Amino acid sequence: MHTYPIYLTQLHKKKTVLIGGDHEAERKAGELLERHAKLTVISPKLSDTLRAWADEGRFEWINRRYHEGDLEGAFLVIAAQFEADENKRIFNEAEERGILVNVMDDIPHANFSFGSIVKRGPLTLSISTSGAAPTLAVRLRERFEKEFGEEYDTFLTLMHKLRDPMSRHYDDFETRKNLWYQLIDSDALDLFRENKPDEAIQRIREILGDPVVDDVLAAEAG
């Protein structure tokens, strides 16, 4: 199976349809809602968590089985259920409408696949074996979950906050690029991992300069 990895954005602007209401659907709905997807769930039954989310208005719930025509206007469709005939009809409608569709655990009825994901704040690692060995992808994810800790969330969140001050204080692109590489190659991330945030901030000051860091701290305080 030949795949081309991409990351979807702006899911809050586009309709995503999730068909199914069990715990597998709950897991997928949680991942989509975390990314602010505009979600519609079609199922006559929902898990307790999905029902609570529906009651909170976190997604539109259509309380019945899938009907042909339900995919109109959708950008992305996921069938998280085990109904062979119905899943085939879902896939066929999605294909006819030119929609991204994945019938989970049914490779012939999918025009895209999911990777095994590790997420740490802005950092997303996606692992795929192109269908050759999904269990290996799971083991690699488990390994990476141990290897990449919450320090990546802390570090990358700070990196994002530094971008505007860097542009204000260093108008030359090459200078900014060199400073970013110095920061990435430094021990700042290691210091966050060792729970030494003050030392990490001091290292960033030494590399980027006090004005850049002070701008970030002032914005956080204000």
# chains A, B, ... in the order shown; residues from 1 in each chain; ligands from 1
$ residues_around --residues "A:Leu183" --least-positions-apart "5" --cutoff "10 Å" --atoms "only C-alpha atoms" --output "ChimeraX atom specification"
/A:159,177-178,188-189,203-208
$ write_last_selection --atoms "N, CA and C atoms" --output "PDB file, in the first residue's frame"
ATOM      1  N   MET A 159       8.565  28.252  22.333  1.00  0.00           N
ATOM      2  CA  MET A 159       9.114  28.593  21.019  1.00  0.00           C
ATOM      3  C   MET A 159       8.088  29.386  20.199  1.00  0.00           C
ATOM      4  N   LYS A 177      17.325  32.716  11.723  1.00  0.00           N
ATOM      5  CA  LYS A 177      17.483  31.286  11.478  1.00  0.00           C
ATOM      6  C   LYS A 177      18.659  30.722  12.268  1.00  0.00           C
ATOM      7  N   ASN A 178      19.783  31.431  12.281  1.00  0.00           N
ATOM      8  CA  ASN A 178      20.956  30.956  13.018  1.00  0.00           C
ATOM      9  C   ASN A 178      20.680  30.890  14.520  1.00  0.00           C
ATOM     10  N   ALA A 188      18.704  23.643  26.278  1.00  0.00           N
ATOM     11  CA  ALA A 188      17.486  24.211  26.876  1.00  0.00           C
ATOM     12  C   ALA A 188      16.405  23.147  27.050  1.00  0.00           C
ATOM     13  N   LEU A 189      16.194  22.331  26.016  1.00  0.00           N
ATOM     14  CA  LEU A 189      15.185  21.278  26.113  1.00  0.00           C
ATOM     15  C   LEU A 189      15.541  20.277  27.203  1.00  0.00           C
ATOM     16  N   ARG A 203      19.270  29.968  29.732  1.00  0.00           N
ATOM     17  CA  ARG A 203      19.991  29.556  28.521  1.00  0.00           C
ATOM     18  C   ARG A 203      19.381  30.229  27.295  1.00  0.00           C
ATOM     19  N   ILE A 204      18.064  30.327  27.260  1.00  0.00           N
ATOM     20  CA  ILE A 204      17.404  30.973  26.123  1.00  0.00           C
ATOM     21  C   ILE A 204      17.766  32.456  26.082  1.00  0.00           C
ATOM     22  N   ARG A 205      17.854  33.081  27.247  1.00  0.00           N
ATOM     23  CA  ARG A 205      18.293  34.485  27.306  1.00  0.00           C
ATOM     24  C   ARG A 205      19.686  34.637  26.716  1.00  0.00           C
ATOM     25  N   GLU A 206      20.579  33.741  27.067  1.00  0.00           N
ATOM     26  CA  GLU A 206      21.961  33.828  26.591  1.00  0.00           C
ATOM     27  C   GLU A 206      22.036  33.729  25.078  1.00  0.00           C
ATOM     28  N   ILE A 207      21.100  32.965  24.487  1.00  0.00           N
ATOM     29  CA  ILE A 207      21.137  32.759  23.039  1.00  0.00           C
ATOM     30  C   ILE A 207      20.363  33.837  22.289  1.00  0.00           C
ATOM     31  N   LEU A 208      19.161  34.148  22.742  1.00  0.00           N
ATOM     32  CA  LEU A 208      18.291  35.067  21.997  1.00  0.00           C
ATOM     33  C   LEU A 208      18.362  36.505  22.481  1.00  0.00           C
TER      34      LEU A 208
END
$ select_by_dssp --residues "stretch 11-214 of chain A" --states "strand (DSSP E)" --output "MDAnalysis selection string"
chainID A and resid 15:19 38:42 60:62 74:79 100:103 116:120 123:127
$ write_last_selection --atoms "N, CA and C atoms" --output "mmCIF file, in the first residue's frame"
data_model
loop_
_atom_site.group_PDB
_atom_site.id
_atom_site.type_symbol
_atom_site.label_atom_id
_atom_site.label_comp_id
_atom_site.auth_asym_id
_atom_site.auth_seq_id
_atom_site.Cartn_x
_atom_site.Cartn_y
_atom_site.Cartn_z
ATOM 1 N N LYS A 15 -17.021 20.047 7.586
ATOM 2 C CA LYS A 15 -17.854 19.022 8.216
ATOM 3 C C LYS A 15 -17.135 17.677 8.238
ATOM 4 N N THR A 16 -17.041 17.105 9.436
ATOM 5 C CA THR A 16 -16.538 15.749 9.597
ATOM 6 C C THR A 16 -17.678 14.866 10.095
ATOM 7 N N VAL A 17 -17.858 13.726 9.461
ATOM 8 C CA VAL A 17 -18.911 12.782 9.848
ATOM 9 C C VAL A 17 -18.258 11.539 10.434
ATOM 10 N N LEU A 18 -18.674 11.197 11.638
ATOM 11 C CA LEU A 18 -18.217 9.977 12.311
ATOM 12 C C LEU A 18 -19.419 9.058 12.486
ATOM 13 N N ILE A 19 -19.324 7.851 11.967
ATOM 14 C CA ILE A 19 -20.435 6.907 12.025
ATOM 15 C C ILE A 19 -20.080 5.793 13.004
ATOM 16 N N LYS A 38 -15.428 20.243 13.313
ATOM 17 C CA LYS A 38 -16.867 20.465 13.205
ATOM 18 C C LYS A 38 -17.504 19.101 12.963
ATOM 19 N N LEU A 39 -17.954 18.457 14.042
ATOM 20 C CA LEU A 39 -18.230 17.029 14.019
ATOM 21 C C LEU A 39 -19.722 16.704 14.050
ATOM 22 N N THR A 40 -20.109 15.735 13.217
ATOM 23 C CA THR A 40 -21.436 15.131 13.252
ATOM 24 C C THR A 40 -21.267 13.636 13.511
ATOM 25 N N VAL A 41 -21.978 13.114 14.509
ATOM 26 C CA VAL A 41 -21.920 11.687 14.834
ATOM 27 C C VAL A 41 -23.264 11.055 14.491
ATOM 28 N N ILE A 42 -23.213 9.963 13.726
ATOM 29 C CA ILE A 42 -24.423 9.252 13.329
ATOM 30 C C ILE A 42 -24.415 7.873 13.985
ATOM 31 N N GLU A 60 -22.863 17.520 16.714
ATOM 32 C CA GLU A 60 -24.250 17.242 16.311
ATOM 33 C C GLU A 60 -24.450 15.731 16.322
ATOM 34 N N TRP A 61 -25.509 15.287 16.971
ATOM 35 C CA TRP A 61 -25.801 13.848 17.038
ATOM 36 C C TRP A 61 -27.046 13.551 16.218
ATOM 37 N N ILE A 62 -26.903 12.662 15.238
ATOM 38 C CA ILE A 62 -28.029 12.154 14.473
ATOM 39 C C ILE A 62 -28.353 10.770 15.030
ATOM 40 N N ALA A 74 -19.799 16.877 3.453
ATOM 41 C CA ALA A 74 -18.709 16.456 4.341
ATOM 42 C C ALA A 74 -17.353 16.583 3.645
ATOM 43 N N PHE A 75 -16.344 16.868 4.429
ATOM 44 C CA PHE A 75 -14.962 16.890 3.961
ATOM 45 C C PHE A 75 -14.253 15.583 4.328
ATOM 46 N N LEU A 76 -14.628 15.045 5.494
ATOM 47 C CA LEU A 76 -13.951 13.873 6.045
ATOM 48 C C LEU A 76 -15.005 12.942 6.652
ATOM 49 N N VAL A 77 -14.889 11.643 6.382
ATOM 50 C CA VAL A 77 -15.832 10.655 6.898
ATOM 51 C C VAL A 77 -15.049 9.502 7.519
ATOM 52 N N ILE A 78 -15.481 9.099 8.727
ATOM 53 C CA ILE A 78 -14.877 7.955 9.407
ATOM 54 C C ILE A 78 -16.003 7.024 9.850
ATOM 55 N N ALA A 79 -15.911 5.762 9.459
ATOM 56 C CA ALA A 79 -16.863 4.757 9.915
ATOM 57 C C ALA A 79 -16.174 3.899 10.967
ATOM 58 N N LEU A 100 -12.784 12.391 1.620
ATOM 59 C CA LEU A 100 -11.834 11.546 2.339
ATOM 60 C C LEU A 100 -12.612 10.602 3.246
ATOM 61 N N VAL A 101 -12.347 9.298 3.146
ATOM 62 C CA VAL A 101 -13.123 8.332 3.921
ATOM 63 C C VAL A 101 -12.219 7.221 4.442
ATOM 64 N N ASN A 102 -12.486 6.828 5.686
ATOM 65 C CA ASN A 102 -11.783 5.703 6.286
ATOM 66 C C ASN A 102 -12.791 4.835 7.022
ATOM 67 N N VAL A 103 -12.954 3.603 6.538
ATOM 68 C CA VAL A 103 -13.714 2.596 7.274
ATOM 69 C C VAL A 103 -12.683 1.851 8.108
ATOM 70 N N SER A 116 -0.235 5.867 13.808
ATOM 71 C CA SER A 116 -0.240 5.705 15.258
ATOM 72 C C SER A 116 0.418 6.957 15.829
ATOM 73 N N ILE A 117 -0.309 7.712 16.678
ATOM 74 C CA ILE A 117 0.065 9.088 16.993
ATOM 75 C C ILE A 117 0.592 9.242 18.415
ATOM 76 N N VAL A 118 1.648 10.037 18.519
ATOM 77 C CA VAL A 118 2.134 10.529 19.812
ATOM 78 C C VAL A 118 2.029 12.046 19.762
ATOM 79 N N LYS A 119 1.343 12.647 20.736
ATOM 80 C CA LYS A 119 1.148 14.101 20.738
ATOM 81 C C LYS A 119 1.651 14.688 22.041
ATOM 82 N N ARG A 120 2.492 15.706 21.925
ATOM 83 C CA ARG A 120 2.992 16.454 23.066
ATOM 84 C C ARG A 120 2.832 17.946 22.760
ATOM 85 N N LEU A 123 3.754 19.294 19.254
ATOM 86 C CA LEU A 123 4.486 18.223 18.584
ATOM 87 C C LEU A 123 3.566 17.044 18.309
ATOM 88 N N THR A 124 3.526 16.622 17.039
ATOM 89 C CA THR A 124 2.775 15.431 16.659
ATOM 90 C C THR A 124 3.692 14.490 15.903
ATOM 91 N N LEU A 125 3.811 13.266 16.393
ATOM 92 C CA LEU A 125 4.567 12.221 15.713
ATOM 93 C C LEU A 125 3.570 11.183 15.212
ATOM 94 N N SER A 126 3.600 10.906 13.912
ATOM 95 C CA SER A 126 2.684 9.941 13.323
ATOM 96 C C SER A 126 3.493 8.809 12.707
ATOM 97 N N ILE A 127 3.122 7.573 13.051
ATOM 98 C CA ILE A 127 3.892 6.403 12.632
ATOM 99 C C ILE A 127 3.005 5.506 11.785
#
$ residues_around --residues "A:Ala132" --least-positions-apart "4" --cutoff "12 Å" --atoms "only C-alpha atoms" --output "NGL selection string"
:A and (1-3 or 107 or 128 or 136-137)
$ residues_around --residues "A:Asn195" --least-positions-apart "5" --cutoff "12 Å" --atoms "only C-alpha atoms" --output "list of chain:residue names"
A:Gly149, A:Glu150, A:Glu151, A:Thr154, A:Phe155, A:Ala188, A:Leu189, A:Asp190, A:Ala200, A:Ile201
$ select_by_dssp --residues "stretch 15-195 of chain A" --states "alpha helix (DSSP H)" --output "PyMOL selection string"
chain A and resi 23-34+48-55+84-97+134-147+151-169+173-185+188-193
$ closest_residue --among "A:Phe114, A:Glu83, A:Asp48, A:Tyr152" --to "A:Leu191" --atoms "only C-alpha atoms"
A:Tyr152
$ atom_distance --atom1 "atom CA of A:His12" --atom2 "atom CA of A:Pro134"
29.2 Å
$ residues_around --residues "A:Val212" --least-positions-apart "4" --cutoff "9 Å" --atoms "only C-alpha atoms" --output "PDB file with C-alpha atoms, in the first residue's frame"
ATOM      1  CA  LEU A 162       9.127  33.669  20.961  1.00  0.00           C
ATOM      2  CA  ASP A 164       6.877  37.488  17.225  1.00  0.00           C
ATOM      3  CA  PRO A 165       9.497  39.010  19.573  1.00  0.00           C
ATOM      4  CA  MET A 166      12.229  37.431  17.449  1.00  0.00           C
ATOM      5  CA  ARG A 168      10.635  42.460  16.109  1.00  0.00           C
ATOM      6  CA  HIS A 169      14.155  42.384  17.505  1.00  0.00           C
ATOM      7  CA  ARG A 205      18.293  34.485  27.306  1.00  0.00           C
ATOM      8  CA  LEU A 208      18.291  35.067  21.997  1.00  0.00           C
ATOM      9  CA  VAL A 216       7.395  37.014  26.267  1.00  0.00           C
TER      10      VAL A 216
END
$ atom_distance --atom1 "atom CA of A:Tyr7" --atom2 "atom CA of A:Arg35"
11.4 Å
$ closest_residue --among "A:Asp105, A:Asn87, A:Glu174, A:Arg143" --to "A:Glu24" --atoms "only C-alpha atoms"
A:Asp105
$ atom_distance --atom1 "atom CA of A:Asp171" --atom2 "atom CA of A:Asp215"
15.8 Å
